[in-house]
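**Q** Data: model_39.cif, mmCIF, C-alpha atoms.
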```cif
data_run
loop_
_atom_site.label_atom_id
_atom_site.label_comp_id
_atom_site.auth_asym_id
_atom_site.auth_seq_id
_atom_site.Cartn_x
_atom_site.Cartn_y
_atom_site.Cartn_z
CA MET A 486 -6.65 23.81 31.71
CA HIS A 487 -5.86 21.52 34.64
CA ARG A 488 -2.19 21.58 35.70
CA ARG A 489 -1.80 17.80 35.47
CA HIS A 490 -3.21 17.80 31.95
CA LEU A 491 -0.72 20.49 30.96
CA LEU A 492 2.13 18.40 32.33
CA ARG A 493 0.92 15.36 30.38
CA LEU A 494 0.72 17.37 27.17
CA GLY A 495 4.22 18.70 27.71
CA ALA A 496 5.55 15.23 28.35
CA LEU A 497 3.90 13.90 25.23
CA GLY A 498 5.53 16.68 23.21
CA VAL A 499 8.88 15.43 24.43
CA ALA A 500 7.86 11.90 23.49
CA VAL A 501 7.13 12.86 19.93
CA ALA A 502 10.45 14.63 19.48
CA ALA A 503 12.64 12.29 21.51
CA THR A 504 16.19 12.87 20.27
CA GLY A 505 19.72 13.50 21.50
CA PRO A 506 20.69 12.02 24.89
CA LEU A 507 17.33 10.26 25.22
CA ALA A 508 18.25 7.93 22.38
CA GLY A 509 20.83 6.18 24.58
CA CYS A 510 18.59 5.63 27.58
CA GLN A 511 15.19 4.86 26.14
CA SER A 512 14.18 2.41 28.87
CA THR A 513 14.65 5.12 31.52
CA TYR A 514 12.84 7.59 29.31
CA TYR A 515 9.84 5.32 28.77
CA ALA A 516 9.65 4.63 32.49
CA ALA A 517 9.60 8.36 33.19
CA MET A 518 6.84 8.86 30.63
CA GLU A 519 4.71 6.15 32.22
CA LYS A 520 4.94 7.98 35.54
CA VAL A 521 3.17 10.97 33.99
CA GLY A 522 0.52 8.79 32.36
CA TYR A 523 1.92 7.93 28.94
CA ALA A 524 2.54 4.27 28.20
CA LYS A 525 4.57 3.03 25.23
CA ARG A 526 1.33 2.52 23.33
CA ASP A 527 0.53 6.24 23.64
CA ILE A 528 4.01 7.22 22.54
CA LEU A 529 3.85 4.85 19.57
CA GLY A 530 0.60 6.42 18.40
CA SER A 531 2.08 9.92 18.70
CA ARG A 532 5.25 8.98 16.86
CA VAL A 533 3.34 7.29 14.05
CA LYS A 534 1.33 10.50 13.61
CA SER A 535 4.55 12.52 13.64
CA ALA A 536 6.12 10.28 10.98
CA ARG A 537 2.93 10.49 8.92
CA ASP A 538 2.96 14.29 9.09
CA ALA A 539 6.68 14.39 8.21
CA GLN A 540 5.98 12.36 5.09
CA GLN A 541 3.19 14.70 4.10
CA ASP A 542 5.53 17.67 4.57
CA ALA A 543 8.24 15.99 2.49
CA LYS A 544 5.74 15.30 -0.29
CA GLN A 545 4.74 18.95 -0.40
CA GLU A 546 8.35 20.16 -0.40
CA ILE A 547 9.45 17.80 -3.18
CA VAL A 548 6.41 18.58 -5.34
CA SER A 549 7.17 22.29 -4.85
CA ALA A 550 10.79 21.66 -5.90
CA LEU A 551 9.57 19.97 -9.08
CA GLU A 552 7.27 22.91 -9.81
CA GLN A 553 10.11 25.37 -9.27
CA PHE A 554 12.36 23.31 -11.55
CA SER A 555 9.72 23.47 -14.27
CA ARG A 556 9.38 27.24 -13.83
CA THR A 557 13.15 27.66 -13.99
CA VAL A 558 13.73 25.71 -17.21
CA ASN A 559 10.78 27.48 -18.84
CA PHE A 560 11.90 30.88 -17.60
CA ALA A 561 11.88 33.60 -20.25
CA GLY A 562 13.48 36.97 -19.56
CA GLY A 563 14.51 38.56 -16.30
CA GLU A 564 17.14 37.42 -13.82
CA LEU A 565 17.84 33.71 -14.24
CA GLU A 566 20.07 33.59 -11.16
CA ALA A 567 17.14 34.54 -8.94
CA GLN A 568 15.19 31.57 -10.32
CA TYR A 569 18.16 29.31 -9.65
CA LYS A 570 18.43 30.51 -6.05
CA ARG A 571 14.74 29.78 -5.45
CA LEU A 572 15.17 26.31 -6.92
CA ASP A 573 18.29 25.64 -4.86
CA GLY A 574 16.51 26.75 -1.69
CA GLN A 575 13.53 24.53 -2.46
CA LEU A 576 15.83 21.56 -3.04
CA LYS A 577 17.53 22.12 0.32
CA ASP A 578 14.13 22.29 2.03
CA SER A 579 13.18 19.01 0.35
CA GLU A 580 16.37 17.31 1.50
CA GLN A 581 15.80 18.48 5.07
CA ALA A 582 12.22 17.21 4.96
CA ALA A 583 13.44 13.82 3.71
CA ALA A 584 15.98 13.63 6.55
CA THR A 585 13.19 14.36 9.05
CA VAL A 586 11.15 11.48 7.63
CA ARG A 587 14.04 9.06 8.18
CA LYS A 588 14.45 10.31 11.74
CA ARG A 589 10.75 9.98 12.55
CA ILE A 590 10.61 6.43 11.19
CA ASP A 591 13.59 5.47 13.38
CA GLU A 592 11.73 6.86 16.40
CA VAL A 593 8.64 4.82 15.53
CA GLU A 594 10.71 1.64 15.29
CA ASP A 595 12.41 2.29 18.62
CA VAL A 596 9.24 2.59 20.66
CA ALA A 597 7.47 -0.20 18.77
CA GLU A 598 10.28 -2.64 19.56
CA ALA A 599 10.13 -1.64 23.23
CA LEU A 600 6.34 -2.00 23.33
CA PHE A 601 6.25 -5.43 21.70
CA ARG A 602 9.12 -6.70 23.83
CA GLU A 603 7.35 -5.60 27.02
CA TRP A 604 4.03 -7.04 25.86
CA ARG A 605 5.62 -10.41 25.11
CA GLN A 606 7.38 -10.51 28.48
CA GLU A 607 4.19 -9.64 30.37
CA LEU A 608 2.21 -12.53 28.86
CA SER A 609 3.79 -14.81 31.48
CA GLN A 610 2.15 -12.75 34.23
CA TYR A 611 -1.35 -13.97 33.34
CA ALA A 612 -2.86 -16.52 35.69
CA ASN A 613 -5.89 -16.93 33.42
CA ALA A 614 -4.91 -19.01 30.39
CA ASP A 615 -7.77 -17.72 28.24
CA LEU A 616 -6.85 -14.08 28.86
CA ARG A 617 -3.22 -14.86 28.11
CA ARG A 618 -4.20 -16.50 24.82
CA ARG A 619 -6.41 -13.55 23.83
CA SER A 620 -3.65 -11.06 24.68
CA GLU A 621 -1.15 -13.07 22.67
CA GLN A 622 -3.50 -13.04 19.69
CA GLN A 623 -3.93 -9.30 20.03
CA LEU A 624 -0.15 -8.85 20.17
CA SER A 625 0.24 -10.90 17.00
CA ALA A 626 -2.46 -8.91 15.17
CA THR A 627 -1.01 -5.59 16.30
CA ARG A 628 2.48 -6.58 15.17
CA GLU A 629 1.14 -7.63 11.79
CA ARG A 630 -0.70 -4.33 11.27
CA TYR A 631 2.37 -2.44 12.46
CA GLY A 632 4.56 -4.38 10.03
CA GLN A 633 2.31 -3.43 7.11
CA MET A 634 2.37 0.22 8.12
CA LEU A 635 6.15 0.30 8.63
CA ALA A 636 6.76 -1.38 5.27
CA ALA A 637 4.61 1.28 3.57
CA MET A 638 6.48 4.07 5.36
CA LYS A 639 9.86 2.66 4.40
CA GLN A 640 8.79 2.12 0.81
CA ALA A 641 7.75 5.76 0.57
CA GLU A 642 10.97 6.90 2.24
CA SER A 643 13.01 4.84 -0.22
CA ARG A 644 11.38 6.76 -3.09
CA MET A 645 12.63 10.11 -1.82
CA GLU A 646 16.25 9.75 -2.87
CA PRO A 647 15.39 8.67 -6.47
CA ALA A 648 13.20 11.77 -6.71
CA LEU A 649 15.81 14.10 -5.23
CA ARG A 650 18.88 12.75 -7.06
CA PRO A 651 17.98 14.04 -10.55
CA LEU A 652 16.87 17.34 -9.06
CA ARG A 653 20.32 17.74 -7.48
CA ASP A 654 21.96 17.11 -10.83
CA GLN A 655 19.75 19.64 -12.60
CA VAL A 656 20.28 22.29 -9.93
CA LEU A 657 24.05 21.80 -10.12
CA PHE A 658 23.98 22.02 -13.92
CA ILE A 659 21.94 25.22 -13.79
CA LYS A 660 24.41 26.67 -11.29
CA HIS A 661 27.23 26.05 -13.74
CA ASN A 662 25.28 27.26 -16.78
CA LEU A 663 23.31 30.36 -15.90
CA ASN A 664 22.18 31.15 -19.42
CA ALA A 665 18.74 30.74 -20.94
CA ARG A 666 19.80 28.45 -23.78
CA ALA A 667 21.54 25.89 -21.55
CA VAL A 668 18.76 25.94 -18.97
CA GLY A 669 16.06 25.69 -21.63
CA ALA A 670 17.73 22.53 -22.93
CA LEU A 671 16.73 20.83 -19.66
CA ARG A 672 13.01 21.00 -20.39
CA GLY A 673 12.93 17.36 -21.36
CA GLU A 674 14.26 16.43 -17.93
CA VAL A 675 11.12 17.76 -16.24
CA VAL A 676 9.15 14.75 -17.48
CA LYS A 677 11.71 12.31 -16.02
CA VAL A 678 11.75 14.03 -12.64
CA ASP A 679 7.97 14.27 -12.71
CA ALA A 680 7.70 10.48 -13.13
CA GLU A 681 9.85 9.87 -10.03
CA VAL A 682 7.93 12.44 -8.01
CA ASN A 683 4.60 10.90 -9.04
CA ARG A 684 5.75 7.48 -7.82
CA LEU A 685 6.87 9.07 -4.57
CA VAL A 686 3.54 10.86 -4.07
CA ALA A 687 1.61 7.62 -4.65
CA ASP A 688 3.76 5.74 -2.12
CA ILE A 689 3.47 8.50 0.47
CA ASN A 690 -0.30 8.56 0.08
CA ARG A 691 -0.40 4.80 0.71
CA ALA A 692 1.89 5.15 3.72
CA VAL A 693 -0.26 7.92 5.19
CA ALA A 694 -3.39 5.79 4.78
CA GLU A 695 -1.66 2.84 6.48
CA ALA A 696 -0.55 5.09 9.35
CA ASP A 697 -4.09 6.39 9.85
CA ARG A 698 -5.47 2.85 9.91
CA PHE A 699 -2.84 1.69 12.39
CA VAL A 700 -3.39 4.62 14.74
CA LYS A 701 -7.11 3.82 14.85
CA THR A 702 -6.33 0.31 16.06
CA LEU A 703 -4.41 1.72 19.02
CA GLY A 704 -7.55 3.38 20.38
CA PRO A 705 -8.04 6.92 21.74
#
```
Spit out the file's structure as structure tokens when you get a sec.

**A**
Amino acid sequence: MHRRHLLRLGALGVAVAATGPLAGCQSTYYAAMEKVGYAKRDILGSRVKSARDAQQDAKQEIVSALEQFSRTVNFAGGELEAQYKRLDGQLKDSEQAAATVRKRIDEVEDVAEALFREWRQELSQYANADLRRRSEQQLSATRERYGQMLAAMKQAESRMEPALRPLRDQVLFIKHNLNARAVGALRGEVVKVDAEVNRLVADINRAVAEADRFVKTLGP
């Protein structure tokens, strides 16, 4: 692989995972990225994909936590504490996945704001009025599509806590009552948690579809 292409790929990897000190000097960071061939538009596309993938991961983790909860409350015989530990571990994985989603959405918003601000400022550089008008229309359309996608992402993210909250309560209760009778009494709670998880899954699926549509509008 050509050396310059390798450098561009490495730089884009940094763009996707921009965190820590970069958060306080994004303008310098974006300028550095442009020097190696990645404009804000490229970074936005990569971050949208990263946020989309994070939501997919969170969906899988939370669904797995629900499945483990169901197995635990229906557990018959054997070591109940081992089932609890698996459930607790799955819950922690789900919470970490949800935190990653929030972080990825913040990163999308940061670069999108920078891109749209730059685009708006550069409209004044056009000498050709028709080209300026067409670019302004494209900016407006892109912002509208972005707004729809971001709203879908945030709606899905907002569903994560309602799905995780009852799971936390059940896991804590099981921790304090490691006996089959007490745990079995929670079987009715599976249906309630399942309802929240189903709403979350539906919202994440919509958000993923919106992200895919938006990325296509950004071009290759």

**Q** Using all atoms listed in the file, determine which residues lie at most 10 Å from Ala539 of chain A, disregarding the query and same-chain residues fewer than 6 positions distant; provide the list as an MDAnalysis selection string.

**A** chainID A and resid 533 545 582:590 693

**Q** Starting from the PyMOL selection byres ((chain A and resi 700-702) around 8), expand the selection into actual residues of this file and give them as a ChimeraX atom specification.

**A** /A:530,533-534,627,696-699,703-705

**Q** Any idea what's packed within 10 Å of Leu529 of chain A, counting all atoms listed in the file, ignoring anything in its chain fewer than 3 positions away? Could you give it as a ChimeraX atom specification?

**A** /A:500-501,524-526,532-535,592-600,700,703

**Q** Just to confirm, what's the straight-line distance from atom CA of Thr557 of chain A to atom CA of Pro651 of chain A in Å (one decimal)?

**A** 14.9 Å

**Q** How far is it from atom CA of Ala692 of chain A to atom CA of Gln622 of chain A, in Å with one decimal?

**A**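 About the pair atom CA of Ala692 of chain A and atom CA of Gln622 of chain A: they are 24.8 Å apart.
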
**Q** Would you translate the PyMOL selection byres ((chain A and resi 552) around 12) into the concrete set of residues it matches in this file, as an MDAnalysis selection string?

**A** chainID A and resid 545:551 553:559 568 571:572 575:576 652 675:676 678:679 682

**Q** Filtering to all heavy atoms, could segment 604-618 of chain A of the supplied structure be written out as a CSV table (one decimal), in the first residue's frame?

**A**
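This went into result_36.csv:
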```
chain,number,residue,atom,x,y,z
A,604,TRP,N,-18.8,26.3,6.0
A,604,TRP,CA,-19.5,26.4,4.7
A,604,TRP,C,-20.3,27.7,4.6
A,604,TRP,O,-20.2,28.4,3.6
A,604,TRP,CB,-20.5,25.2,4.7
A,604,TRP,CG,-21.1,24.9,3.4
A,604,TRP,CD1,-21.2,25.7,2.3
A,604,TRP,CD2,-21.7,23.7,3.0
A,604,TRP,NE1,-21.9,25.1,1.2
A,604,TRP,CE2,-22.2,23.8,1.6
A,604,TRP,CE3,-22.0,22.5,3.6
A,604,TRP,CZ2,-22.8,22.8,0.9
A,604,TRP,CZ3,-22.6,21.4,2.9
A,604,TRP,CH2,-23.0,21.6,1.6
A,605,ARG,N,-21.0,28.1,5.7
A,605,ARG,CA,-21.7,29.4,5.7
A,605,ARG,C,-20.7,30.6,5.5
A,605,ARG,O,-21.0,31.5,4.7
A,605,ARG,CB,-22.5,29.5,7.0
A,605,ARG,CG,-23.1,30.9,7.2
A,605,ARG,CD,-24.1,31.3,6.2
A,605,ARG,NE,-25.3,30.3,6.2
A,605,ARG,CZ,-26.3,30.4,5.3
A,605,ARG,NH1,-26.3,31.3,4.4
A,605,ARG,NH2,-27.3,29.5,5.4
A,606,GLN,N,-19.6,30.5,6.1
A,606,GLN,CA,-18.7,31.6,6.0
A,606,GLN,C,-18.1,31.7,4.6
A,606,GLN,O,-17.8,32.8,4.1
A,606,GLN,CB,-17.5,31.5,7.0
A,606,GLN,CG,-18.0,31.7,8.5
A,606,GLN,CD,-16.9,31.3,9.5
A,606,GLN,OE1,-15.9,30.6,9.1
A,606,GLN,NE2,-17.1,31.7,10.7
A,607,GLU,N,-17.9,30.6,4.0
A,607,GLU,CA,-17.3,30.6,2.6
A,607,GLU,C,-18.2,30.9,1.5
A,607,GLU,O,-17.8,31.2,0.4
A,607,GLU,CB,-16.7,29.2,2.4
A,607,GLU,CG,-15.4,28.9,3.2
A,607,GLU,CD,-14.8,27.5,3.0
A,607,GLU,OE1,-15.5,26.6,2.4
A,607,GLU,OE2,-13.7,27.3,3.5
A,608,LEU,N,-19.5,31.0,1.8
A,608,LEU,CA,-20.4,31.4,0.7
A,608,LEU,C,-20.1,32.8,0.2
A,608,LEU,O,-20.3,33.1,-1.0
A,608,LEU,CB,-21.9,31.4,1.3
A,608,LEU,CG,-22.5,30.0,1.6
A,608,LEU,CD1,-23.9,30.2,2.2
A,608,LEU,CD2,-22.6,29.3,0.2
A,609,SER,N,-19.6,33.7,1.1
A,609,SER,CA,-19.3,35.1,0.7
A,609,SER,C,-18.1,35.1,-0.3
A,609,SER,O,-17.8,36.2,-0.9
A,609,SER,CB,-18.9,35.9,1.9
A,609,SER,OG,-17.8,35.4,2.6
A,610,GLN,N,-17.4,34.0,-0.5
A,610,GLN,CA,-16.2,34.0,-1.3
A,610,GLN,C,-16.6,33.8,-2.8
A,610,GLN,O,-15.8,34.0,-3.7
A,610,GLN,CB,-15.2,32.9,-0.9
A,610,GLN,CG,-14.7,33.1,0.5
A,610,GLN,CD,-13.7,32.0,0.9
A,610,GLN,OE1,-13.2,31.2,0.1
A,610,GLN,NE2,-13.5,31.8,2.2
A,611,TYR,N,-17.8,33.4,-3.1
A,611,TYR,CA,-18.3,33.2,-4.4
A,611,TYR,C,-18.4,34.6,-5.2
A,611,TYR,O,-19.0,35.5,-4.7
A,611,TYR,CB,-19.6,32.6,-4.5
A,611,TYR,CG,-19.6,31.1,-4.3
A,611,TYR,CD1,-20.0,30.5,-3.0
A,611,TYR,CD2,-19.3,30.2,-5.3
A,611,TYR,CE1,-19.9,29.1,-2.8
A,611,TYR,CE2,-19.3,28.8,-5.1
A,611,TYR,CZ,-19.6,28.3,-3.9
A,611,TYR,OH,-19.6,26.9,-3.7
A,612,ALA,N,-17.8,34.6,-6.4
A,612,ALA,CA,-18.1,35.8,-7.2
A,612,ALA,C,-19.3,35.5,-8.1
A,612,ALA,O,-20.0,36.5,-8.5
A,612,ALA,CB,-16.8,36.0,-8.1
A,613,ASN,N,-19.6,34.3,-8.4
A,613,ASN,CA,-20.7,33.9,-9.2
A,613,ASN,C,-21.9,33.7,-8.4
A,613,ASN,O,-22.0,32.9,-7.5
A,613,ASN,CB,-20.4,32.6,-10.0
A,613,ASN,CG,-21.5,32.2,-11.0
A,613,ASN,OD1,-22.6,32.0,-10.6
A,613,ASN,ND2,-21.1,32.0,-12.2
A,614,ALA,N,-22.9,34.6,-8.6
A,614,ALA,CA,-24.1,34.6,-7.7
A,614,ALA,C,-24.9,33.3,-7.8
A,614,ALA,O,-25.5,32.8,-6.8
A,614,ALA,CB,-25.0,35.8,-8.1
A,615,ASP,N,-25.0,32.7,-9.0
A,615,ASP,CA,-25.7,31.5,-9.2
A,615,ASP,C,-25.1,30.3,-8.5
A,615,ASP,O,-25.8,29.5,-7.8
A,615,ASP,CB,-25.8,31.1,-10.7
A,615,ASP,CG,-26.6,29.9,-11.0
A,615,ASP,OD1,-27.8,29.8,-10.6
A,615,ASP,OD2,-26.1,28.9,-11.5
A,616,LEU,N,-23.7,30.2,-8.5
A,616,LEU,CA,-23.1,29.2,-7.8
A,616,LEU,C,-23.2,29.4,-6.3
A,616,LEU,O,-23.4,28.4,-5.5
A,616,LEU,CB,-21.6,29.2,-8.2
A,616,LEU,CG,-21.2,28.7,-9.6
A,616,LEU,CD1,-19.7,28.8,-9.8
A,616,LEU,CD2,-21.7,27.3,-9.8
A,617,ARG,N,-23.2,30.6,-5.8
A,617,ARG,CA,-23.4,30.9,-4.4
A,617,ARG,C,-24.8,30.4,-4.0
A,617,ARG,O,-24.9,29.8,-2.9
A,617,ARG,CB,-23.2,32.4,-4.1
A,617,ARG,CG,-23.4,32.7,-2.6
A,617,ARG,CD,-23.0,34.1,-2.3
A,617,ARG,NE,-23.8,35.1,-3.0
A,617,ARG,CZ,-23.3,35.9,-4.0
A,617,ARG,NH1,-22.0,35.8,-4.4
A,617,ARG,NH2,-24.1,36.8,-4.6
A,618,ARG,N,-25.8,30.7,-4.8
A,618,ARG,CA,-27.2,30.4,-4.5
A,618,ARG,C,-27.3,28.8,-4.4
A,618,ARG,O,-27.9,28.3,-3.5
A,618,ARG,CB,-28.1,30.9,-5.5
A,618,ARG,CG,-29.6,30.5,-5.3
A,618,ARG,CD,-30.4,31.1,-6.4
A,618,ARG,NE,-30.0,30.6,-7.7
A,618,ARG,CZ,-30.2,29.4,-8.2
A,618,ARG,NH1,-30.9,28.5,-7.5
A,618,ARG,NH2,-29.8,29.1,-9.4
```
